[in-house]
Amino acid sequence: MARSQAIDLPCSEAIELAITEYGALEPESKVHDLALLSGGFSRQMYEAQVSNALGESQPIVICVRTADSILASSLELEYALYGYLRSEGIAIPRVFGKNADRDNALGGEFYVMEKLAGAAPNVWRFSDRRQLEENWNESRSIAIDMADSLAKIHLTDVGSLARVITPRSFKEVVAFWRNSYDSSQPNIDPIVDEAYEWLLQREPEPVPDRLVHGDFRIGNCLIEDGHLSAVLDWELAYLGDPRFDLGYLALSYSAGKLFRSGSWLMGGFAEQQWFWDRYMVATGIEVNAEVIRTFSVLSALMLIANLSSSINSFVNRGSRDLRMLWSRLPIISLRQDLIHMMDWP
C-alpha cells in the first residue's frame, strides 16, 4: 500500500488515546504524518509515525471500520484475533490499542497495529506476477512460506479460539453469503442462483473445525526479501472447514485473472499439486480435487457477494469511493468461472 494523501492531525488525538490506554505509547509521544493509504475496500487504512520525547520514531498502521464498510464483520473480533494469533506464532503484526467509539475524527471504530516490513504483491500487475514466477522457478521460498503459513493457521488451537470466533457449518457459510448477495443485488442472476443450489447438492463430508482465514491469498500477505513477513486482512476469518482457503486459492481470480488469464501458478506463486502435497504433509488434512472445486465455487460466490455489496455501497449508501464501481468488472469474470467450474455446457 502506498500513501495517497495527508490527513488533518486532529485525527491523531484519538489514535494517541487508544495506544496510551493500551500502554504502547511512551510519555510525551506524539502521532504525526498521518496519511490515507491506497487499497483496502472493507476497511479504511492509514499510516502514521509515532515519535517519543527523544525524537525516535516508528511507523504504525490504523485500521478503521467506517459507516459505509461493505462488511458487517466485527472489528472487535478482528482485533482480538490479531492478539491471539500473535501469541500462537503466526506471522502477524502486533496490535497497539483500539477505539470502539465510532464518533471520532477517523469516522469509525479502529485499532492500531505495527507496520511490518514488506509489500503485498498485486497479481493483476504483470511485473509482480513475473517476480513471483521467478521466485517459483528459483528458490520457491515464497511458495514454501505460504504453504507452511496456511498449515500453521489451520493447525491453530481452536479450543481457545472458540472464545473469539463462532463456528460456521458449510450450510451456514453458504447461507451467509447468499443472504449477503440477496440483500445487495435487486435482480436475480440465474447463474449465481443456480450456483448456490449446486453447492447445496455437493455438501462435503464434514471435517473437524479449523481456523479459516477466509481471504488467504498473496495480495493479503507482506513479502520481504523473498519471504513472507505477515499475513493480513483477517476480517473474514471464522471456524469451519479449512478447505475453503484451499478452494479460494485455487480460483483463477487469486492468480490475477480478470478479462485475461493471470499467472499459470496457483494464487500466482506455486504449482497447485506441489502446494497441496506440502500442505497435506504439514497438516494431515486430505486434499480432494472435487471437494476443492466445491469450495472454489463457494469462494467465487463469496467474492461476487462482496463485490455486489461494493456496488450497492456506492449506488445506495452514499459511498464516494469510485473503486466500488470497479467491482462490476471482476463479477463478469467470476460468472464465467462459475459456469466452467460447474461443468455447464
# chains A, B, ... in the order shown; residues from 1 in each chain; ligands from 1
$ residues_around --residues "segment 125-140 of chain A" --least-positions-apart "3" --cutoff "12 Å" --atoms "only C-alpha atoms" --output "PDB file with N, CA and C atoms, in the first residue's frame"
ATOM      1  N   ALA A 119       5.987  -5.787   1.224  1.00  0.00           N
ATOM      2  CA  ALA A 119       4.947  -5.263   0.344  1.00  0.00           C
ATOM      3  C   ALA A 119       4.042  -6.397  -0.080  1.00  0.00           C
ATOM      4  N   ALA A 120       2.779  -6.061  -0.355  1.00  0.00           N
ATOM      5  CA  ALA A 120       1.802  -7.045  -0.797  1.00  0.00           C
ATOM      6  C   ALA A 120       1.824  -7.123  -2.315  1.00  0.00           C
ATOM      7  N   PRO A 121       2.197  -8.267  -2.895  1.00  0.00           N
ATOM      8  CA  PRO A 121       2.210  -8.379  -4.362  1.00  0.00           C
ATOM      9  C   PRO A 121       0.814  -8.220  -4.951  1.00  0.00           C
ATOM     10  N   ASN A 122       0.751  -7.634  -6.116  1.00  0.00           N
ATOM     11  CA  ASN A 122      -0.501  -7.455  -6.843  1.00  0.00           C
ATOM     12  C   ASN A 122      -0.483  -8.388  -8.055  1.00  0.00           C
ATOM     13  N   ALA A 143       6.554 -19.673  -2.038  1.00  0.00           N
ATOM     14  CA  ALA A 143       5.602 -20.789  -2.039  1.00  0.00           C
ATOM     15  C   ALA A 143       5.732 -21.618  -0.765  1.00  0.00           C
ATOM     16  N   ILE A 144       6.955 -21.862  -0.332  1.00  0.00           N
ATOM     17  CA  ILE A 144       7.181 -22.625   0.899  1.00  0.00           C
ATOM     18  C   ILE A 144       6.576 -21.898   2.093  1.00  0.00           C
ATOM     19  N   ASP A 145       6.834 -20.597   2.193  1.00  0.00           N
ATOM     20  CA  ASP A 145       6.303 -19.814   3.314  1.00  0.00           C
ATOM     21  C   ASP A 145       4.777 -19.763   3.288  1.00  0.00           C
ATOM     22  N   MET A 146       4.193 -19.631   2.107  1.00  0.00           N
ATOM     23  CA  MET A 146       2.734 -19.566   2.010  1.00  0.00           C
ATOM     24  C   MET A 146       2.099 -20.888   2.419  1.00  0.00           C
ATOM     25  N   ALA A 147       2.648 -22.000   1.947  1.00  0.00           N
ATOM     26  CA  ALA A 147       2.109 -23.309   2.313  1.00  0.00           C
ATOM     27  C   ALA A 147       2.261 -23.566   3.810  1.00  0.00           C
ATOM     28  N   ILE A 218      -1.963 -14.150  -1.885  1.00  0.00           N
ATOM     29  CA  ILE A 218      -0.679 -13.448  -1.824  1.00  0.00           C
ATOM     30  C   ILE A 218      -0.864 -11.949  -1.639  1.00  0.00           C
ATOM     31  N   GLY A 219      -1.983 -11.393  -2.154  1.00  0.00           N
ATOM     32  CA  GLY A 219      -2.225  -9.962  -2.025  1.00  0.00           C
ATOM     33  C   GLY A 219      -2.573  -9.519  -0.623  1.00  0.00           C
ATOM     34  N   ILE A 223       5.500  -9.525   1.642  1.00  0.00           N
ATOM     35  CA  ILE A 223       6.692 -10.257   1.239  1.00  0.00           C
ATOM     36  C   ILE A 223       7.891  -9.330   1.364  1.00  0.00           C
ATOM     37  N   ASP A 225      12.192  -9.524   0.983  1.00  0.00           N
ATOM     38  CA  ASP A 225      13.392 -10.286   0.631  1.00  0.00           C
ATOM     39  C   ASP A 225      13.071 -11.751   0.317  1.00  0.00           C
ATOM     40  N   GLY A 226      11.990 -11.975  -0.421  1.00  0.00           N
ATOM     41  CA  GLY A 226      11.657 -13.321  -0.852  1.00  0.00           C
ATOM     42  C   GLY A 226      11.012 -14.200   0.192  1.00  0.00           C
ATOM     43  N   HIS A 227      10.582 -13.612   1.305  1.00  0.00           N
ATOM     44  CA  HIS A 227       9.931 -14.403   2.352  1.00  0.00           C
ATOM     45  C   HIS A 227       8.686 -13.680   2.870  1.00  0.00           C
ATOM     46  N   LEU A 228       7.769 -14.462   3.376  1.00  0.00           N
ATOM     47  CA  LEU A 228       6.531 -13.907   3.931  1.00  0.00           C
ATOM     48  C   LEU A 228       6.822 -13.275   5.289  1.00  0.00           C
ATOM     49  N   SER A 254      -7.588 -15.578  -7.923  1.00  0.00           N
ATOM     50  CA  SER A 254      -6.488 -15.426  -6.976  1.00  0.00           C
ATOM     51  C   SER A 254      -5.130 -15.408  -7.671  1.00  0.00           C
ATOM     52  N   ALA A 255      -5.097 -15.848  -8.934  1.00  0.00           N
ATOM     53  CA  ALA A 255      -3.861 -15.831  -9.706  1.00  0.00           C
ATOM     54  C   ALA A 255      -3.796 -14.639 -10.653  1.00  0.00           C
ATOM     55  N   GLY A 256      -4.753 -13.716 -10.531  1.00  0.00           N
ATOM     56  CA  GLY A 256      -4.692 -12.485 -11.312  1.00  0.00           C
ATOM     57  C   GLY A 256      -5.564 -12.445 -12.543  1.00  0.00           C
ATOM     58  N   LYS A 257      -6.539 -13.369 -12.654  1.00  0.00           N
ATOM     59  CA  LYS A 257      -7.402 -13.337 -13.822  1.00  0.00           C
ATOM     60  C   LYS A 257      -8.454 -12.242 -13.687  1.00  0.00           C
ATOM     61  N   LEU A 258      -8.655 -11.504 -14.770  1.00  0.00           N
ATOM     62  CA  LEU A 258      -9.780 -10.584 -14.864  1.00  0.00           C
ATOM     63  C   LEU A 258     -10.440 -10.873 -16.215  1.00  0.00           C
ATOM     64  N   ARG A 260      -8.284 -11.260 -18.863  1.00  0.00           N
ATOM     65  CA  ARG A 260      -7.244 -12.117 -19.402  1.00  0.00           C
ATOM     66  C   ARG A 260      -6.771 -13.064 -18.315  1.00  0.00           C
ATOM     67  N   SER A 261      -6.163 -14.154 -18.748  1.00  0.00           N
ATOM     68  CA  SER A 261      -5.625 -15.108 -17.786  1.00  0.00           C
ATOM     69  C   SER A 261      -4.533 -14.446 -16.952  1.00  0.00           C
ATOM     70  N   GLY A 262      -4.460 -14.841 -15.699  1.00  0.00           N
ATOM     71  CA  GLY A 262      -3.393 -14.356 -14.843  1.00  0.00           C
ATOM     72  C   GLY A 262      -2.202 -15.296 -14.913  1.00  0.00           C
ATOM     73  N   SER A 263      -1.566 -15.520 -13.794  1.00  0.00           N
ATOM     74  CA  SER A 263      -0.414 -16.402 -13.732  1.00  0.00           C
ATOM     75  C   SER A 263      -0.849 -17.858 -13.926  1.00  0.00           C
ATOM     76  N   TRP A 264       0.043 -18.667 -14.464  1.00  0.00           N
ATOM     77  CA  TRP A 264      -0.235 -20.102 -14.583  1.00  0.00           C
ATOM     78  C   TRP A 264      -0.079 -20.798 -13.243  1.00  0.00           C
ATOM     79  N   LEU A 265       0.536 -20.127 -12.273  1.00  0.00           N
ATOM     80  CA  LEU A 265       0.706 -20.684 -10.935  1.00  0.00           C
ATOM     81  C   LEU A 265      -0.539 -20.449 -10.085  1.00  0.00           C
ATOM     82  N   MET A 266      -0.878 -21.405  -9.241  1.00  0.00           N
ATOM     83  CA  MET A 266      -1.998 -21.225  -8.334  1.00  0.00           C
ATOM     84  C   MET A 266      -1.719 -20.055  -7.393  1.00  0.00           C
ATOM     85  N   GLY A 267      -2.681 -19.132  -7.333  1.00  0.00           N
ATOM     86  CA  GLY A 267      -2.504 -17.971  -6.472  1.00  0.00           C
ATOM     87  C   GLY A 267      -1.403 -17.041  -6.939  1.00  0.00           C
ATOM     88  N   GLY A 268      -0.774 -17.391  -8.064  1.00  0.00           N
ATOM     89  CA  GLY A 268       0.314 -16.573  -8.594  1.00  0.00           C
ATOM     90  C   GLY A 268       1.679 -16.945  -8.074  1.00  0.00           C
ATOM     91  N   PHE A 269       1.782 -17.962  -7.176  1.00  0.00           N
ATOM     92  CA  PHE A 269       3.070 -18.201  -6.529  1.00  0.00           C
ATOM     93  C   PHE A 269       3.495 -19.668  -6.445  1.00  0.00           C
ATOM     94  N   ALA A 270       2.621 -20.639  -6.730  1.00  0.00           N
ATOM     95  CA  ALA A 270       3.011 -22.049  -6.579  1.00  0.00           C
ATOM     96  C   ALA A 270       2.238 -22.939  -7.540  1.00  0.00           C
ATOM     97  N   GLU A 271       2.868 -24.018  -7.987  1.00  0.00           N
ATOM     98  CA  GLU A 271       2.155 -25.036  -8.747  1.00  0.00           C
ATOM     99  C   GLU A 271       1.174 -25.729  -7.807  1.00  0.00           C
ATOM    100  N   GLN A 272      -0.029 -25.975  -8.294  1.00  0.00           N
ATOM    101  CA  GLN A 272      -1.125 -26.396  -7.424  1.00  0.00           C
ATOM    102  C   GLN A 272      -0.849 -27.711  -6.695  1.00  0.00           C
ATOM    103  N   TRP A 274       1.917 -29.273  -6.137  1.00  0.00           N
ATOM    104  CA  TRP A 274       3.048 -29.110  -5.195  1.00  0.00           C
ATOM    105  C   TRP A 274       2.568 -28.500  -3.886  1.00  0.00           C
ATOM    106  N   PHE A 275       1.761 -27.450  -3.999  1.00  0.00           N
ATOM    107  CA  PHE A 275       1.258 -26.769  -2.799  1.00  0.00           C
ATOM    108  C   PHE A 275       0.398 -27.727  -1.981  1.00  0.00           C
TER     109      PHE A 275
END
$ atom_distance --atom1 "atom CA of Phe176 of chain A" --atom2 "atom CA of Trp198 of chain A"
15.8 Å
$ select_by_dssp --residues "segment 25-104 of chain A" --states "helix (DSSP H, G or I)" --output "list of chain:residue names"
A:Leu75, A:Glu76, A:Leu77, A:Glu78, A:Tyr79, A:Ala80, A:Leu81, A:Tyr82, A:Gly83, A:Tyr84, A:Leu85, A:Arg86, A:Ser87
$ write_last_selection --atoms "all heavy atoms" --output "tab-separated table (two decimals), in the first residue's frame"
chain	number	residue	atom	x	y	z
A	75	LEU	N	-15.10	-5.55	14.16
A	75	LEU	CA	-13.74	-5.07	14.31
A	75	LEU	C	-13.17	-5.52	15.65
A	75	LEU	O	-11.97	-5.78	15.77
A	75	LEU	CB	-13.69	-3.54	14.20
A	75	LEU	CG	-12.31	-2.96	13.87
A	75	LEU	CD1	-12.03	-3.14	12.39
A	75	LEU	CD2	-12.24	-1.48	14.22
A	76	GLU	N	-14.02	-5.62	16.66
A	76	GLU	CA	-13.60	-6.09	17.98
A	76	GLU	C	-13.06	-7.52	17.89
A	76	GLU	O	-12.02	-7.85	18.45
A	76	GLU	CB	-14.79	-6.04	18.94
A	76	GLU	CG	-14.49	-6.49	20.37
A	76	GLU	CD	-13.84	-5.43	21.21
A	76	GLU	OE1	-13.94	-4.25	20.85
A	76	GLU	OE2	-13.20	-5.80	22.22
A	77	LEU	N	-13.78	-8.36	17.13
A	77	LEU	CA	-13.35	-9.75	16.95
A	77	LEU	C	-12.03	-9.80	16.20
A	77	LEU	O	-11.12	-10.56	16.54
A	77	LEU	CB	-14.43	-10.52	16.20
A	77	LEU	CG	-14.23	-12.01	15.94
A	77	LEU	CD1	-15.58	-12.71	15.87
A	77	LEU	CD2	-13.44	-12.27	14.67
A	78	GLU	N	-11.91	-8.99	15.17
A	78	GLU	CA	-10.68	-8.95	14.37
A	78	GLU	C	-9.49	-8.54	15.23
A	78	GLU	O	-8.41	-9.12	15.14
A	78	GLU	CB	-10.89	-7.97	13.22
A	78	GLU	CG	-9.81	-7.96	12.17
A	78	GLU	CD	-10.13	-6.97	11.07
A	78	GLU	OE1	-11.32	-6.66	10.84
A	78	GLU	OE2	-9.18	-6.48	10.43
A	79	TYR	N	-9.70	-7.56	16.08
A	79	TYR	CA	-8.64	-7.07	16.97
A	79	TYR	C	-8.21	-8.18	17.93
A	79	TYR	O	-7.01	-8.42	18.14
A	79	TYR	CB	-9.14	-5.85	17.73
A	79	TYR	CG	-8.16	-5.29	18.74
A	79	TYR	CD1	-7.11	-4.48	18.33
A	79	TYR	CD2	-8.29	-5.57	20.09
A	79	TYR	CE1	-6.21	-3.95	19.24
A	79	TYR	CE2	-7.39	-5.05	21.01
A	79	TYR	CZ	-6.36	-4.24	20.59
A	79	TYR	OH	-5.48	-3.73	21.49
A	80	ALA	N	-9.21	-8.87	18.51
A	80	ALA	CA	-8.90	-9.95	19.45
A	80	ALA	C	-8.16	-11.08	18.75
A	80	ALA	O	-7.26	-11.70	19.33
A	80	ALA	CB	-10.20	-10.47	20.07
A	81	LEU	N	-8.52	-11.34	17.51
A	81	LEU	CA	-7.87	-12.41	16.76
A	81	LEU	C	-6.40	-12.08	16.48
A	81	LEU	O	-5.53	-12.95	16.59
A	81	LEU	CB	-8.61	-12.64	15.44
A	81	LEU	CG	-8.16	-13.82	14.58
A	81	LEU	CD1	-8.29	-15.12	15.35
A	81	LEU	CD2	-8.99	-13.89	13.30
A	82	TYR	N	-6.11	-10.83	16.15
A	82	TYR	CA	-4.72	-10.43	15.94
A	82	TYR	C	-3.89	-10.70	17.20
A	82	TYR	O	-2.78	-11.23	17.13
A	82	TYR	CB	-4.64	-8.94	15.59
A	82	TYR	CG	-4.62	-8.65	14.11
A	82	TYR	CD1	-5.80	-8.43	13.40
A	82	TYR	CD2	-3.43	-8.60	13.41
A	82	TYR	CE1	-5.79	-8.16	12.05
A	82	TYR	CE2	-3.40	-8.32	12.05
A	82	TYR	CZ	-4.59	-8.11	11.37
A	82	TYR	OH	-4.57	-7.85	10.03
A	83	GLY	N	-4.44	-10.33	18.34
A	83	GLY	CA	-3.72	-10.55	19.59
A	83	GLY	C	-3.49	-12.02	19.88
A	83	GLY	O	-2.41	-12.43	20.31
A	84	TYR	N	-4.51	-12.84	19.62
A	84	TYR	CA	-4.39	-14.27	19.90
A	84	TYR	C	-3.40	-14.93	18.96
A	84	TYR	O	-2.54	-15.71	19.40
A	84	TYR	CB	-5.77	-14.94	19.77
A	84	TYR	CG	-5.70	-16.44	19.97
A	84	TYR	CD1	-5.66	-16.99	21.26
A	84	TYR	CD2	-5.64	-17.30	18.88
A	84	TYR	CE1	-5.58	-18.35	21.44
A	84	TYR	CE2	-5.56	-18.67	19.07
A	84	TYR	CZ	-5.53	-19.19	20.35
A	84	TYR	OH	-5.44	-20.54	20.53
A	85	LEU	N	-3.50	-14.66	17.67
A	85	LEU	CA	-2.65	-15.34	16.70
A	85	LEU	C	-1.18	-14.95	16.86
A	85	LEU	O	-0.28	-15.74	16.58
A	85	LEU	CB	-3.13	-15.03	15.28
A	85	LEU	CG	-4.48	-15.62	14.91
A	85	LEU	CD1	-4.89	-15.20	13.51
A	85	LEU	CD2	-4.46	-17.14	15.02
A	86	ARG	N	-0.95	-13.74	17.30
A	86	ARG	CA	0.43	-13.32	17.56
A	86	ARG	C	1.06	-14.24	18.61
A	86	ARG	O	2.21	-14.66	18.49
A	86	ARG	CB	0.44	-11.87	18.04
A	86	ARG	CG	1.81	-11.33	18.40
A	86	ARG	CD	2.59	-10.93	17.18
A	86	ARG	NE	3.93	-10.46	17.55
A	86	ARG	CZ	4.80	-9.96	16.69
A	86	ARG	NH1	4.47	-9.86	15.42
A	86	ARG	NH2	5.99	-9.57	17.09
A	87	SER	N	0.28	-14.58	19.63
A	87	SER	CA	0.79	-15.45	20.70
A	87	SER	C	0.98	-16.88	20.23
A	87	SER	O	1.69	-17.67	20.84
A	87	SER	CB	-0.17	-15.42	21.90
A	87	SER	OG	-1.40	-16.05	21.57
$ closest_residue --among "A:Asp337, A:Asp233, A:Glu56, A:Glu47" --to "Ser29 of chain A" --atoms "only C-alpha atoms"
A:Glu56
$ closest_residue --among "A:Tyr181, A:Phe96, A:Trp124, A:Tyr248" --to "Tyr111 of chain A" --atoms "only C-alpha atoms"
A:Phe96
$ atom_distance --atom1 "atom CA of Ser149 of chain A" --atom2 "atom CA of Phe170 of chain A"
23.2 Å
$ closest_residue --among "A:Met45, A:Ile153, A:Leu54, A:Met341" --to "Lys30 of chain A" --atoms "only C-alpha atoms"
A:Leu54
$ atom_distance --atom1 "atom CA of Leu329 of chain A" --atom2 "atom CA of Tyr196 of chain A"
21.0 Å
$ closest_residue --among "A:Pro330, A:Gly284, A:Gly214, A:Pro206" --to "Tyr253 of chain A" --atoms "only C-alpha atoms"
A:Pro330
$ closest_residue --among "A:Ser296, A:Gln44, A:Ser74, A:Asn52" --to "Leu25 of chain A" --atoms "only C-alpha atoms"
A:Asn52
$ select_by_dssp --residues "segment 75-220 of chain A" --states "strand (DSSP E or B)" --output "number ranges by chain"
A: 95-99, 108-114, 119, 167, 210-212
$ closest_residue --among "A:His340, A:Ala105, A:Tyr22, A:Glu88" --to "Val158 of chain A" --atoms "only C-alpha atoms"
A:Glu88
$ decode --residues "segment 26-38 of chain A" --atoms "all heavy atoms" --output "PDB file, in the first residue's frame"
ATOM      1  N   GLU A  26       4.898   5.754  24.763  1.00  0.00           N
ATOM      2  CA  GLU A  26       5.746   6.323  25.805  1.00  0.00           C
ATOM      3  C   GLU A  26       5.256   7.716  26.186  1.00  0.00           C
ATOM      4  O   GLU A  26       4.611   8.395  25.380  1.00  0.00           O
ATOM      5  CB  GLU A  26       7.194   6.416  25.311  1.00  0.00           C
ATOM      6  CG  GLU A  26       7.837   5.070  25.019  1.00  0.00           C
ATOM      7  CD  GLU A  26       9.263   5.221  24.548  1.00  0.00           C
ATOM      8  OE1 GLU A  26       9.924   6.188  24.972  1.00  0.00           O
ATOM      9  OE2 GLU A  26       9.712   4.373  23.763  1.00  0.00           O
ATOM     10  N   PRO A  27       5.542   8.155  27.402  1.00  0.00           N
ATOM     11  CA  PRO A  27       5.143   9.506  27.821  1.00  0.00           C
ATOM     12  C   PRO A  27       5.642  10.567  26.848  1.00  0.00           C
ATOM     13  O   PRO A  27       6.765  10.492  26.346  1.00  0.00           O
ATOM     14  CB  PRO A  27       5.800   9.660  29.204  1.00  0.00           C
ATOM     15  CG  PRO A  27       5.951   8.257  29.689  1.00  0.00           C
ATOM     16  CD  PRO A  27       6.230   7.426  28.472  1.00  0.00           C
ATOM     17  N   GLU A  28       4.777  11.540  26.565  1.00  0.00           N
ATOM     18  CA  GLU A  28       5.081  12.672  25.695  1.00  0.00           C
ATOM     19  C   GLU A  28       5.262  12.262  24.223  1.00  0.00           C
ATOM     20  O   GLU A  28       5.746  13.062  23.417  1.00  0.00           O
ATOM     21  CB  GLU A  28       6.333  13.422  26.179  1.00  0.00           C
ATOM     22  CG  GLU A  28       6.172  13.994  27.596  1.00  0.00           C
ATOM     23  CD  GLU A  28       7.408  14.784  28.014  1.00  0.00           C
ATOM     24  OE1 GLU A  28       8.060  15.380  27.136  1.00  0.00           O
ATOM     25  OE2 GLU A  28       7.706  14.792  29.218  1.00  0.00           O
ATOM     26  N   SER A  29       4.887  11.038  23.874  1.00  0.00           N
ATOM     27  CA  SER A  29       4.956  10.630  22.466  1.00  0.00           C
ATOM     28  C   SER A  29       3.796  11.237  21.691  1.00  0.00           C
ATOM     29  O   SER A  29       2.730  11.495  22.234  1.00  0.00           O
ATOM     30  CB  SER A  29       4.928   9.111  22.342  1.00  0.00           C
ATOM     31  OG  SER A  29       6.105   8.539  22.871  1.00  0.00           O
ATOM     32  N   LYS A  30       4.013  11.446  20.409  1.00  0.00           N
ATOM     33  CA  LYS A  30       3.000  12.061  19.561  1.00  0.00           C
ATOM     34  C   LYS A  30       2.851  11.298  18.251  1.00  0.00           C
ATOM     35  O   LYS A  30       3.816  10.762  17.708  1.00  0.00           O
ATOM     36  CB  LYS A  30       3.374  13.518  19.258  1.00  0.00           C
ATOM     37  CG  LYS A  30       3.311  14.443  20.467  1.00  0.00           C
ATOM     38  CD  LYS A  30       1.874  14.587  20.982  1.00  0.00           C
ATOM     39  CE  LYS A  30       1.811  15.514  22.176  1.00  0.00           C
ATOM     40  NZ  LYS A  30       0.423  15.619  22.699  1.00  0.00           N
ATOM     41  N   VAL A  31       1.628  11.289  17.750  1.00  0.00           N
ATOM     42  CA  VAL A  31       1.330  10.712  16.447  1.00  0.00           C
ATOM     43  C   VAL A  31       1.351  11.834  15.412  1.00  0.00           C
ATOM     44  O   VAL A  31       0.744  12.878  15.617  1.00  0.00           O
ATOM     45  CB  VAL A  31      -0.038  10.015  16.444  1.00  0.00           C
ATOM     46  CG1 VAL A  31      -0.428   9.570  15.042  1.00  0.00           C
ATOM     47  CG2 VAL A  31      -0.023   8.821  17.403  1.00  0.00           C
ATOM     48  N   HIS A  32       2.045  11.608  14.300  1.00  0.00           N
ATOM     49  CA  HIS A  32       2.133  12.660  13.278  1.00  0.00           C
ATOM     50  C   HIS A  32       2.275  12.016  11.901  1.00  0.00           C
ATOM     51  O   HIS A  32       2.401  10.795  11.767  1.00  0.00           O
ATOM     52  CB  HIS A  32       3.315  13.594  13.564  1.00  0.00           C
ATOM     53  CG  HIS A  32       4.638  12.888  13.651  1.00  0.00           C
ATOM     54  ND1 HIS A  32       5.485  12.745  12.579  1.00  0.00           N
ATOM     55  CD2 HIS A  32       5.249  12.255  14.701  1.00  0.00           C
ATOM     56  CE1 HIS A  32       6.567  12.087  12.947  1.00  0.00           C
ATOM     57  NE2 HIS A  32       6.451  11.775  14.237  1.00  0.00           N
ATOM     58  N   ASP A  33       2.273  12.856  10.876  1.00  0.00           N
ATOM     59  CA  ASP A  33       2.399  12.397   9.484  1.00  0.00           C
ATOM     60  C   ASP A  33       1.364  11.335   9.146  1.00  0.00           C
ATOM     61  O   ASP A  33       1.671  10.310   8.528  1.00  0.00           O
ATOM     62  CB  ASP A  33       3.808  11.860   9.202  1.00  0.00           C
ATOM     63  CG  ASP A  33       4.852  12.967   9.193  1.00  0.00           C
ATOM     64  OD1 ASP A  33       4.456  14.140   9.032  1.00  0.00           O
ATOM     65  OD2 ASP A  33       6.039  12.667   9.347  1.00  0.00           O
ATOM     66  N   LEU A  34       0.140  11.591   9.551  1.00  0.00           N
ATOM     67  CA  LEU A  34      -0.957  10.664   9.270  1.00  0.00           C
ATOM     68  C   LEU A  34      -1.341  10.755   7.804  1.00  0.00           C
ATOM     69  O   LEU A  34      -1.518  11.847   7.267  1.00  0.00           O
ATOM     70  CB  LEU A  34      -2.152  11.003  10.155  1.00  0.00           C
ATOM     71  CG  LEU A  34      -3.314  10.019  10.183  1.00  0.00           C
ATOM     72  CD1 LEU A  34      -2.897   8.699  10.814  1.00  0.00           C
ATOM     73  CD2 LEU A  34      -4.486  10.620  10.950  1.00  0.00           C
ATOM     74  N   ALA A  35      -1.468   9.602   7.127  1.00  0.00           N
ATOM     75  CA  ALA A  35      -1.785   9.604   5.698  1.00  0.00           C
ATOM     76  C   ALA A  35      -2.701   8.436   5.362  1.00  0.00           C
ATOM     77  O   ALA A  35      -2.560   7.335   5.904  1.00  0.00           O
ATOM     78  CB  ALA A  35      -0.523   9.518   4.860  1.00  0.00           C
ATOM     79  N   LEU A  36      -3.643   8.695   4.482  1.00  0.00           N
ATOM     80  CA  LEU A  36      -4.534   7.655   3.985  1.00  0.00           C
ATOM     81  C   LEU A  36      -3.775   6.768   3.012  1.00  0.00           C
ATOM     82  O   LEU A  36      -3.039   7.241   2.160  1.00  0.00           O
ATOM     83  CB  LEU A  36      -5.732   8.291   3.288  1.00  0.00           C
ATOM     84  CG  LEU A  36      -6.762   7.350   2.668  1.00  0.00           C
ATOM     85  CD1 LEU A  36      -7.470   6.545   3.741  1.00  0.00           C
ATOM     86  CD2 LEU A  36      -7.771   8.163   1.853  1.00  0.00           C
ATOM     87  N   LEU A  37      -3.959   5.452   3.153  1.00  0.00           N
ATOM     88  CA  LEU A  37      -3.298   4.500   2.281  1.00  0.00           C
ATOM     89  C   LEU A  37      -4.227   4.058   1.167  1.00  0.00           C
ATOM     90  O   LEU A  37      -5.438   3.939   1.368  1.00  0.00           O
ATOM     91  CB  LEU A  37      -2.842   3.266   3.070  1.00  0.00           C
ATOM     92  CG  LEU A  37      -1.757   3.499   4.131  1.00  0.00           C
ATOM     93  CD1 LEU A  37      -1.574   2.265   4.976  1.00  0.00           C
ATOM     94  CD2 LEU A  37      -0.444   3.881   3.467  1.00  0.00           C
ATOM     95  N   SER A  38      -3.658   3.818   0.013  1.00  0.00           N
ATOM     96  CA  SER A  38      -4.452   3.235  -1.061  1.00  0.00           C
ATOM     97  C   SER A  38      -4.653   1.765  -0.759  1.00  0.00           C
ATOM     98  O   SER A  38      -3.906   1.148   0.001  1.00  0.00           O
ATOM     99  CB  SER A  38      -3.734   3.402  -2.400  1.00  0.00           C
ATOM    100  OG  SER A  38      -2.493   2.738  -2.371  1.00  0.00           O
TER     101      SER A  38
END
